[in-house]
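Dumped model16.csv below, it's CSV, C-alpha atoms:
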chain,number,residue,atom,x,y,z
A,9,PHE,CA,77.0,-60.2,-47.9
A,10,THR,CA,79.3,-62.9,-46.6
A,11,VAL,CA,81.6,-62.7,-43.6
A,12,MET,CA,84.6,-65.0,-43.5
A,13,MET,CA,86.7,-65.5,-40.4
A,14,SER,CA,89.8,-67.5,-39.9
A,15,ASP,CA,92.0,-68.3,-36.9
A,16,GLY,CA,94.8,-69.6,-39.1
A,17,THR,CA,93.7,-73.3,-39.1
A,18,THR,CA,90.0,-73.1,-39.5
A,19,THR,CA,87.9,-70.9,-41.8
A,20,ALA,CA,84.3,-70.3,-41.3
A,21,SER,CA,81.9,-68.1,-43.3
A,22,THR,CA,78.3,-67.0,-42.9
A,23,THR,CA,75.9,-65.0,-45.0
A,24,ILE,CA,74.3,-61.9,-43.5
A,25,THR,CA,71.2,-60.4,-45.1
A,26,VAL,CA,70.6,-56.7,-44.1
A,27,ILE,CA,67.0,-55.5,-44.5
A,28,THR,CA,66.5,-51.8,-44.2
A,29,ASP,CA,63.3,-49.8,-43.9
A,30,PRO,CA,62.9,-47.0,-46.3
A,31,LEU,CA,63.1,-43.5,-44.9
A,32,ALA,CA,59.9,-42.1,-43.4
A,33,ASN,CA,58.1,-40.2,-46.2
A,34,PRO,CA,55.8,-37.3,-45.4
A,35,GLY,CA,55.0,-36.8,-49.1
A,36,ILE,CA,54.2,-33.5,-50.7
A,37,LEU,CA,51.6,-31.2,-49.0
A,38,SER,CA,48.9,-29.5,-50.9
A,39,THR,CA,46.1,-27.2,-49.7
A,40,THR,CA,42.6,-26.8,-51.0
A,41,THR,CA,39.6,-24.8,-49.9
A,42,ALA,CA,36.7,-27.1,-48.7
A,43,GLY,CA,33.1,-26.4,-49.5
A,44,ASP,CA,32.7,-24.6,-46.1
A,45,ASN,CA,35.7,-22.4,-47.0
A,46,ALA,CA,37.8,-24.3,-44.5
A,47,ILE,CA,41.4,-25.0,-45.5
A,48,GLN,CA,42.2,-28.7,-46.1
A,49,VAL,CA,45.9,-29.8,-46.1
A,50,ALA,CA,46.7,-33.2,-47.7
A,51,SER,CA,49.8,-35.3,-48.1
A,52,THR,CA,50.3,-36.9,-51.5
A,53,GLY,CA,52.6,-39.9,-51.9
A,54,GLY,CA,53.5,-40.0,-48.3
A,55,ASP,CA,53.2,-42.6,-45.5
A,56,ALA,CA,49.9,-42.8,-43.8
A,57,GLY,CA,49.4,-42.4,-40.0
A,58,GLY,CA,51.4,-39.2,-39.6
A,59,ILE,CA,50.7,-36.4,-37.2
A,60,TRP,CA,49.5,-33.0,-38.2
A,61,THR,CA,50.7,-30.0,-36.1
A,62,SER,CA,50.4,-26.2,-36.2
A,63,SER,CA,53.3,-23.9,-35.4
A,64,ASP,CA,51.0,-21.6,-33.5
A,65,GLU,CA,47.7,-22.8,-32.3
A,66,THR,CA,46.7,-19.3,-31.3
A,67,ILE,CA,46.5,-18.5,-35.1
A,68,ALA,CA,45.2,-21.8,-36.5
A,69,THR,CA,44.8,-25.4,-35.4
A,70,VAL,CA,44.8,-28.6,-37.5
A,71,ASP,CA,43.0,-31.8,-36.8
A,72,ALA,CA,44.1,-35.4,-37.3
A,73,ASN,CA,42.8,-35.3,-40.9
A,74,GLY,CA,44.6,-32.1,-41.9
A,75,LYS,CA,41.6,-29.7,-41.7
A,76,VAL,CA,42.7,-26.3,-40.6
A,77,SER,CA,40.6,-24.2,-38.2
A,78,GLU,CA,41.4,-20.5,-38.2
A,79,VAL,CA,41.5,-18.8,-34.8
A,80,THR,CA,42.8,-15.3,-35.7
A,81,ASN,CA,44.5,-13.5,-38.5
A,82,GLY,CA,48.2,-14.4,-39.1
A,83,VAL,CA,50.6,-16.8,-40.8
A,84,VAL,CA,51.1,-20.3,-39.5
A,85,THR,CA,53.1,-23.4,-40.6
A,86,ILE,CA,51.3,-26.6,-40.8
A,87,SER,CA,53.4,-29.8,-40.6
A,88,TYR,CA,52.8,-33.4,-41.3
A,89,SER,CA,55.3,-35.7,-39.6
A,90,VAL,CA,55.8,-39.5,-40.0
A,91,THR,CA,58.1,-41.8,-38.1
A,92,ASN,CA,59.5,-45.3,-38.8
A,93,ASN,CA,62.5,-47.4,-37.7
A,94,CYS,CA,64.8,-45.0,-39.7
A,95,GLY,CA,63.6,-41.9,-38.0
A,96,ALA,CA,61.2,-39.1,-38.4
A,97,ARG,CA,60.6,-36.6,-41.3
A,98,SER,CA,58.2,-33.8,-41.8
A,99,ALA,CA,56.7,-31.8,-44.7
A,100,THR,CA,55.4,-28.2,-44.1
A,101,THR,CA,53.2,-25.7,-45.8
A,102,THR,CA,52.4,-22.1,-44.8
A,103,ILE,CA,48.8,-21.0,-44.3
A,104,GLN,CA,47.5,-17.4,-44.1
A,105,SER,CA,44.7,-17.4,-41.5
A,106,ILE,CA,41.9,-14.8,-41.8
A,107,ALA,CA,39.5,-15.2,-38.9
A,108,LYS,CA,38.8,-11.6,-38.1
A,109,ALA,CA,37.6,-8.5,-39.9
A,110,ILE,CA,39.5,-7.4,-42.9
A,111,ALA,CA,39.9,-3.6,-43.5
A,112,SER,CA,37.7,-2.3,-46.3
A,113,GLY,CA,39.6,-2.3,-49.6
A,114,THR,CA,41.9,-5.1,-48.6
A,115,ILE,CA,42.0,-8.4,-50.4
A,116,LEU,CA,43.6,-11.6,-49.1
A,117,ALA,CA,44.1,-14.8,-51.1
A,118,PHE,CA,45.0,-18.3,-49.7
A,119,PRO,CA,46.3,-20.8,-49.8
A,120,ASN,CA,49.2,-19.0,-51.4
A,121,PRO,CA,51.0,-20.6,-53.2
A,122,THR,CA,48.0,-22.3,-54.8
A,123,THR,CA,47.4,-25.1,-57.3
A,124,GLY,CA,44.8,-22.9,-58.9
A,125,ASN,CA,42.0,-23.1,-56.4
A,126,PHE,CA,42.0,-20.5,-53.7
A,127,ARG,CA,39.8,-18.4,-51.4
A,128,LEU,CA,39.7,-14.7,-51.8
A,129,ASP,CA,38.5,-12.7,-48.7
A,130,PHE,CA,37.7,-9.0,-48.9
A,131,THR,CA,35.5,-6.4,-47.3
A,132,THR,CA,33.2,-3.9,-49.1
A,133,ASP,CA,31.3,-0.9,-47.8
A,134,LEU,CA,28.3,-1.5,-50.2
A,135,ASP,CA,26.5,-4.3,-52.0
A,136,ASN,CA,28.4,-4.3,-55.3
A,137,LEU,CA,29.3,-6.3,-58.4
A,138,LEU,CA,33.1,-6.6,-58.5
A,139,THR,CA,35.4,-7.6,-61.3
A,140,LEU,CA,38.3,-9.8,-60.4
A,141,THR,CA,41.2,-9.6,-62.8
A,142,ALA,CA,44.3,-11.9,-62.7
A,143,VAL,CA,47.3,-10.5,-64.6
A,144,ASP,CA,50.6,-12.4,-65.3
A,145,ILE,CA,54.1,-10.9,-65.0
A,146,TRP,CA,54.0,-9.8,-68.7
A,147,GLY,CA,50.9,-7.7,-68.1
A,148,ARG,CA,48.5,-10.1,-69.8
A,149,VAL,CA,45.0,-10.6,-68.4
A,150,VAL,CA,44.8,-14.4,-67.9
A,151,TYR,CA,41.5,-14.5,-66.0
A,152,THR,CA,38.5,-12.4,-65.1
A,153,GLU,CA,35.4,-13.1,-63.1
A,154,LYS,CA,32.4,-11.2,-61.8
A,155,ILE,CA,31.8,-11.5,-58.0
A,156,ALA,CA,28.6,-10.4,-56.4
A,157,ALA,CA,29.6,-8.8,-53.0
A,158,VAL,CA,27.5,-7.7,-50.1
A,159,ALA,CA,28.4,-5.0,-47.6
A,160,GLY,CA,30.8,-6.4,-45.1
A,161,ILE,CA,33.1,-9.4,-45.2
A,162,ASN,CA,33.0,-11.5,-48.4
A,163,SER,CA,34.6,-14.8,-49.3
A,164,ALA,CA,34.8,-16.1,-52.8
A,165,ARG,CA,36.2,-19.4,-54.1
A,166,ILE,CA,38.3,-18.9,-57.2
A,167,THR,CA,39.2,-21.6,-59.7
A,168,LEU,CA,41.8,-20.5,-62.2
A,169,PRO,CA,41.8,-22.2,-65.7
A,170,SER,CA,44.0,-25.2,-66.1
A,171,ASN,CA,46.0,-23.6,-68.9
A,172,ILE,CA,47.8,-21.2,-66.4
A,173,PRO,CA,51.3,-22.6,-66.2
A,174,SER,CA,52.9,-23.8,-63.0
A,175,ASN,CA,55.3,-21.4,-61.3
A,176,SER,CA,53.2,-18.4,-62.5
A,177,THR,CA,53.0,-15.2,-60.5
A,178,LEU,CA,49.6,-13.4,-60.8
A,179,ARG,CA,48.5,-10.0,-59.5
A,180,ILE,CA,44.9,-10.2,-58.4
A,181,THR,CA,42.8,-7.0,-58.4
A,182,LEU,CA,39.2,-6.2,-57.6
A,183,ILE,CA,37.4,-3.2,-59.1
A,184,ASP,CA,33.8,-2.3,-58.2
A,185,GLU,CA,31.1,-0.9,-60.4
A,186,GLN,CA,32.0,2.7,-59.4
A,187,GLY,CA,35.6,2.1,-60.4
A,188,LYS,CA,37.0,1.8,-56.9
A,189,LYS,CA,40.1,-0.4,-57.1
A,190,TYR,CA,40.9,-2.5,-54.1
A,191,GLU,CA,44.4,-3.3,-52.8
A,192,THR,CA,46.1,-5.7,-55.2
A,193,THR,CA,47.5,-9.0,-54.0
A,194,THR,CA,49.9,-11.5,-55.6
A,195,ILE,CA,49.4,-15.2,-55.8
A,196,PHE,CA,51.8,-17.9,-56.9
A,197,VAL,CA,50.5,-20.8,-58.9
A,198,VAL,CA,52.3,-24.2,-58.4
A,199,LYS,CA,51.1,-27.5,-59.9

Taking this structure as input, can you express it in the form of structure tokens?
Amino acid sequence: FTVMMSDGTTTASTTITVITDPLANPGILSTTTAGDNAIQVASTGGDAGGIWTSSDETIATVDANGKVSEVTNGVVTISYSVTNNCGARSATTTIQSIAKAIASGTILAFPNPTTGNFRLDFTTDLDNLLTLTAVDIWGRVVYTEKIAAVAGINSARITLPSNIPSNSTLRITLIDEQGKKYETTTIFVVK
């Protein structure tokens, strides 16, 4: 823009160019389950060089690359913060940490919400073949899978089919060969 000044007899003008930095952009956070069943949080479309933090390191910690290490059971918020000349901004996601024994019959799914890939943790009393069933809010079975379980704590990586729409709510149930139904859990699919 141009600034003009005058003292009544002399007029002077100058052009000023203003260059602004864009706002710091933390991007959109997503969670996946890594091959070792660890939770990996990633920023998509955000500025590089941000800082990862956990809201409660007694529940879960996060390293400089977004890999979450579970310490104990609980819910924790993982944040990715970036700073530039225009200030700081953060993006967050909630993680359910399961690091200790799960009561028999209980099932836990995370990350939740999920993009369609999640980890299912559960405990069984016996070696068993379980049937996982995912039912949508209209009562339609949208996915089934057989899971071989051993007595004790089990963890299974689940990949839902890509045709399950975003913003779906699914009830996940496990039933063993003897007909024992485990506690049902709900997951939310966001893409």

CA of Gly124 (chain A) to CA of Asn175 (chain A): how many Å, to one decimal?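 Separating CA of Gly124 (chain A) from CA of Asn175 (chain A) is a distance of 10.9 Å.
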
From the set A:Val49, A:Ile166, A:Leu140, A:Val76, which residue has the shortest atom-to-atom contact distance to Lys154 (chain A), counting all atoms listed in the file? A:Leu140

Just give me the gap between CA of Ser170 (chain A) and CA of Thr139 (chain A) in Å, one decimal is fine. 20.2 Å

Out of A:Ser105, A:Val26, A:Ser14, A:Arg97, which residue has the shortest atom-to-atom distance to Thr66 (chain A) when counting all atoms listed in the file?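 Of A:Ser105, A:Val26, A:Ser14, A:Arg97, the one nearest Thr66 (chain A) is A:Ser105, counting all atoms listed in the file.
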
Could you list, as a list of chain:residue names, every residue within 9 Å of Ile183 (chain A), counting all atoms listed in the file and ignoring same-chain residues fewer than 5 positions away?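 Near Ile183 (chain A), the qualifying residues are A:Leu137, A:Leu138, A:Thr139, A:Leu140, A:Thr141, A:Lys188, A:Lys189, A:Tyr190.
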
Counting all atoms listed in the file, which residues have an atom no more than 8 Å from (74.6, -63.3, -44.9) in the file's coordinates? Please list them as a PyMOL selection string. chain A and resi 9-11+22-26

Restricting the calculation to all atoms listed in the file: of A:Val197, A:Ile59, A:Leu128, A:Ile86, which residue gets closest to Asn73 (chain A)?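 Smallest distance to Asn73 (chain A) is found for A:Ile59.
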
What lies within 10 Å of Glu191 (chain A) using only C-alpha atoms, ignoring chain neighbours under 4 positions off, as a list of chain:residue names?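 So the residues in contact are A:Ser112, A:Gly113, A:Thr114, A:Ile115, A:Leu116, A:Phe130, A:Ile180, A:Thr181, A:Leu182, A:Ile183.
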
Minimum-distance residue to Leu134 (chain A), chosen among A:Ala96, A:Ile67, A:Ala20, A:Ala156 (using all atoms listed in the file): A:Ala156

Could you tell me which of A:Leu37, A:Val83, A:Ile161, A:Ile155 comes closest to Thr69 (chain A) if we count only C-alpha atoms?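 For Thr69 (chain A), the nearest of the given residues is A:Val83.
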
Give me the residues near Pro30 (chain A) as a PyMOL selection string, where near means some atom within 9 Å (using only C-alpha atoms) and where sequence neighbours in that chain fewer than 6 positions away do not count. chain A and resi 92-94

Separation of CA of Asp184 (chain A) from CA of Ala164 (chain A), in Å and rounded to one decimal: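 About the pair CA of Asp184 (chain A) and CA of Ala164 (chain A): they are 14.9 Å apart.
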
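Using all atoms listed in the file, the smallest distance between any of A:Ile36, A:Val158, A:Val149, A:Val198 and Asp135 (chain A) comes from A:Val158.
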
Give me the residues near Arg165 (chain A) as a list in words, where near means some atom within 7 Å (using all atoms listed in the file) and where sequence neighbours in that chain fewer than 2 positions away do not count. Phe126, Arg127, Leu128, Ser163 and Thr167 of chain A

Need to verify the contact set: Ala99 (chain A), 12 Å, only C-alpha atoms, exclusion of same-chain residues closer than 2 positions in sequence. Can you return it as a list in words? Ala32, Asn33, Pro34, Gly35, Ile36, Leu37, Ser38, Val49, Ala50, Ser51, Thr52, Gly53, Gly54, Asp55, Gly58, Ile59, Trp60, Thr61, Ser62, Thr85, Ile86, Ser87, Tyr88, Ser89, Val90, Ala96, Arg97, Thr101 and Thr102 of chain A
